[in-house]
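Trainee: Just passing along the structure, written as structure tokens.
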Amino acid sequence: MPAPPLPASPPAALPNSRPAASASPALPPGHDWSTFRVEFPRDRLELLDLLRERGVPVVISSPDGTAISTSLLGVDEAAQRLNFSARDDSHHLDTLVESDEAVAVAYLQRVKLQFDLHDLLLVHGASVSALQCRVPDEIFRFQRRNAFRVQPLLRHTPGARLRHPALPDMLLDLRVVDVSLGGCALWLPTDVPPLQPGTVLADVRIELDAQTQFGVELTLRHVASMGCADGPERGVRLGCSWRPVNPAALRNLQRWIDQAQKRTRLLAAGAATP
């Protein structure tokens with residue numbers, strides 16, 4: 001049977017659909033998932049359109065841990081199919097298709113979107129290939145941050161120095177976007193070879209200020225677009241979690257976060273003063 005054709009453009013609406021009985025995102029037992037569920041088809045379509053229009057990275061993973069980072073090409077309303085970009089040289093694609101089920105995760109600013117994918121199919125077109133699946137019956141929307149994060153002041157930009165895990169000769173000096181006791185976010189320019197979620201970043205030197213510097217390992221958890229598509233600073237946000245941090249470095253990190261919070265409150269109070 002021939003594969004369904006690639007869509008020429010995304011549709012304007014999705015039909016009404018019934019919530020699927022597939023596994024929901026991992027939440028505490030007995031939690032009311034309906035709090036996070038996007039109820040209406042129109043709302044789900046708008047979120048999918050935002051992912052497509054902004055070229056937001058979407059991480060698709062299967063139950064066995066296989067994962068790829070891709071982007072949404074469009075939605076075929078008539079066939080009820082999503083189309084994600086697919087690279088023919090990605091050996092993970094076959095594993096995802098064989099699993100026939102996966103979870104997609106993407107980030108729109110401070111909101112995490114998660115939805116199940118079913119009936120996966122790899123389709124080859126004349127000029128582009130796509131990973132197809134059914135349009136999801138459910139999309140869950142979560143606040144992304146579960147720990148207080150501090151955005152550093154622009155006059156002193158903390159950085160992270162490391163070697164690219166796939167290109168050891170490439171030394172990276174990345175800007176730290178925000179910091180928490182659970183991890184940090186780094187800004188990766190688009191001219192740097194991309195990194196995949198799940199990658200362990202070893203021998204990272206974090207330099208928050210002259211007094212707060214330490215070596216650590218990071219685990220890359222997710223990738224999200226940053227800046228305007230045609231802006232001067234195009235890049236992606238690397239959301240990372242700390243691997244075990246030694247107690248001394250952890251105390252220095254806590255002290256730095258406390259001081260950053262105090263500075264932020266002082267600046268806010270000064271701006272509010274007439």
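Labels used: A, B, ... for chains in the order of the structure tokens, numbers from 1 for residues in each chain, and numbers from 1 for ligands as shown.
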Write out as a list of chain:residue names which residues come within 8 Å of stretch 205-216 of chain A when counting only C-alpha atoms, dropping same-chain ones fewer than 3 positions away.
Mentor: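 The neighbour list is A:His156, A:Thr157, A:Pro158, A:Gly159, A:Ala160, A:Arg161, A:Leu162, A:Ala202, A:Trp242, A:Arg243, A:Pro244, A:Val245, A:Ala249, A:Asn252, A:Leu253, A:Trp256.
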Trainee: So that I can check the secondary structure, give me every residue of stretch 93-195 of chain A assigned strand (DSSP E or B) by backbone DSSP, as a ChimeraX atom specification.
Mentor: /A:101-108,111-118,121-124,129-134,140-143,150,159-164,167-179,183-189
Trainee: For the selection just defined, write its residues with C-alpha atoms to a file, as a PDB file, in the first residue's frame.
Mentor:
```
ATOM      1  CA  GLU A 101       4.249   4.625  19.958  1.00  0.00           C
ATOM      2  CA  ALA A 102       6.171   7.563  21.299  1.00  0.00           C
ATOM      3  CA  VAL A 103       5.879  10.733  23.356  1.00  0.00           C
ATOM      4  CA  ALA A 104       6.512  14.204  21.950  1.00  0.00           C
ATOM      5  CA  VAL A 105       7.727  17.046  24.179  1.00  0.00           C
ATOM      6  CA  ALA A 106       8.164  20.679  23.147  1.00  0.00           C
ATOM      7  CA  TYR A 107       8.524  24.014  24.938  1.00  0.00           C
ATOM      8  CA  LEU A 108       6.707  27.245  24.118  1.00  0.00           C
ATOM      9  CA  VAL A 111       5.083  26.107  28.912  1.00  0.00           C
ATOM     10  CA  LYS A 112       5.850  22.447  28.348  1.00  0.00           C
ATOM     11  CA  LEU A 113       3.657  20.568  25.856  1.00  0.00           C
ATOM     12  CA  GLN A 114       3.474  16.777  25.897  1.00  0.00           C
ATOM     13  CA  PHE A 115       1.398  14.390  23.792  1.00  0.00           C
ATOM     14  CA  ASP A 116       1.397  10.754  22.720  1.00  0.00           C
ATOM     15  CA  LEU A 117       2.126   9.733  19.118  1.00  0.00           C
ATOM     16  CA  HIS A 118       0.658   6.604  17.519  1.00  0.00           C
ATOM     17  CA  LEU A 121       5.214   5.879   9.628  1.00  0.00           C
ATOM     18  CA  LEU A 122       8.291   7.065   7.720  1.00  0.00           C
ATOM     19  CA  VAL A 123       7.282   8.706   4.423  1.00  0.00           C
ATOM     20  CA  HIS A 124       9.684   9.640   1.620  1.00  0.00           C
ATOM     21  CA  SER A 129      11.016  12.920   4.159  1.00  0.00           C
ATOM     22  CA  ALA A 130       8.635  12.986   7.075  1.00  0.00           C
ATOM     23  CA  LEU A 131       7.832  11.009  10.171  1.00  0.00           C
ATOM     24  CA  GLN A 132       4.053  10.706  10.237  1.00  0.00           C
ATOM     25  CA  CYS A 133       1.659   9.793  13.031  1.00  0.00           C
ATOM     26  CA  ARG A 134      -1.964  10.237  14.031  1.00  0.00           C
ATOM     27  CA  PHE A 140      -1.043  18.201  28.097  1.00  0.00           C
ATOM     28  CA  ARG A 141       0.281  21.608  29.057  1.00  0.00           C
ATOM     29  CA  PHE A 142       2.567  22.100  32.076  1.00  0.00           C
ATOM     30  CA  GLN A 143       4.510  24.934  33.621  1.00  0.00           C
ATOM     31  CA  VAL A 150      17.463  33.154  38.434  1.00  0.00           C
ATOM     32  CA  GLY A 159      29.185  31.357  31.122  1.00  0.00           C
ATOM     33  CA  ALA A 160      29.935  27.687  30.715  1.00  0.00           C
ATOM     34  CA  ARG A 161      33.065  26.374  29.050  1.00  0.00           C
ATOM     35  CA  LEU A 162      33.144  22.855  27.627  1.00  0.00           C
ATOM     36  CA  ARG A 163      34.167  20.800  24.649  1.00  0.00           C
ATOM     37  CA  HIS A 164      31.554  19.725  22.132  1.00  0.00           C
ATOM     38  CA  LEU A 167      33.786  17.300  18.321  1.00  0.00           C
ATOM     39  CA  PRO A 168      36.356  17.271  21.151  1.00  0.00           C
ATOM     40  CA  ASP A 169      38.545  19.803  19.353  1.00  0.00           C
ATOM     41  CA  MET A 170      35.744  22.391  19.470  1.00  0.00           C
ATOM     42  CA  LEU A 171      35.859  24.474  22.647  1.00  0.00           C
ATOM     43  CA  LEU A 172      32.506  26.093  23.456  1.00  0.00           C
ATOM     44  CA  ASP A 173      32.015  29.203  25.569  1.00  0.00           C
ATOM     45  CA  LEU A 174      28.238  29.340  26.090  1.00  0.00           C
ATOM     46  CA  ARG A 175      26.109  31.931  27.825  1.00  0.00           C
ATOM     47  CA  VAL A 176      24.224  30.796  30.935  1.00  0.00           C
ATOM     48  CA  VAL A 177      20.593  31.862  30.500  1.00  0.00           C
ATOM     49  CA  ASP A 178      19.283  30.912  33.949  1.00  0.00           C
ATOM     50  CA  VAL A 179      20.343  28.936  36.990  1.00  0.00           C
ATOM     51  CA  GLY A 183      20.314  22.800  36.806  1.00  0.00           C
ATOM     52  CA  CYS A 184      20.914  25.554  34.312  1.00  0.00           C
ATOM     53  CA  ALA A 185      20.037  26.637  30.784  1.00  0.00           C
ATOM     54  CA  LEU A 186      22.670  27.412  28.158  1.00  0.00           C
ATOM     55  CA  TRP A 187      22.328  29.348  24.911  1.00  0.00           C
ATOM     56  CA  LEU A 188      23.695  27.490  21.866  1.00  0.00           C
ATOM     57  CA  PRO A 189      24.136  29.498  18.629  1.00  0.00           C
TER      58      PRO A 189
END
```
Trainee: Nearest to A:Leu48 among A:Ser127, A:His92, A:Ser61, A:Val135, with distances taken over only C-alpha atoms: which residue is it?
Mentor: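 Using only C-alpha atoms, A:Leu48 sits closest to A:Val135.
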Trainee: If you measure from atom CA of A:Pro63 to atom CA of A:Asp100, what distance in Å do you get, rounded to one decimal?
Mentor: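 That distance, rounded to one decimal, is 10.0 Å.
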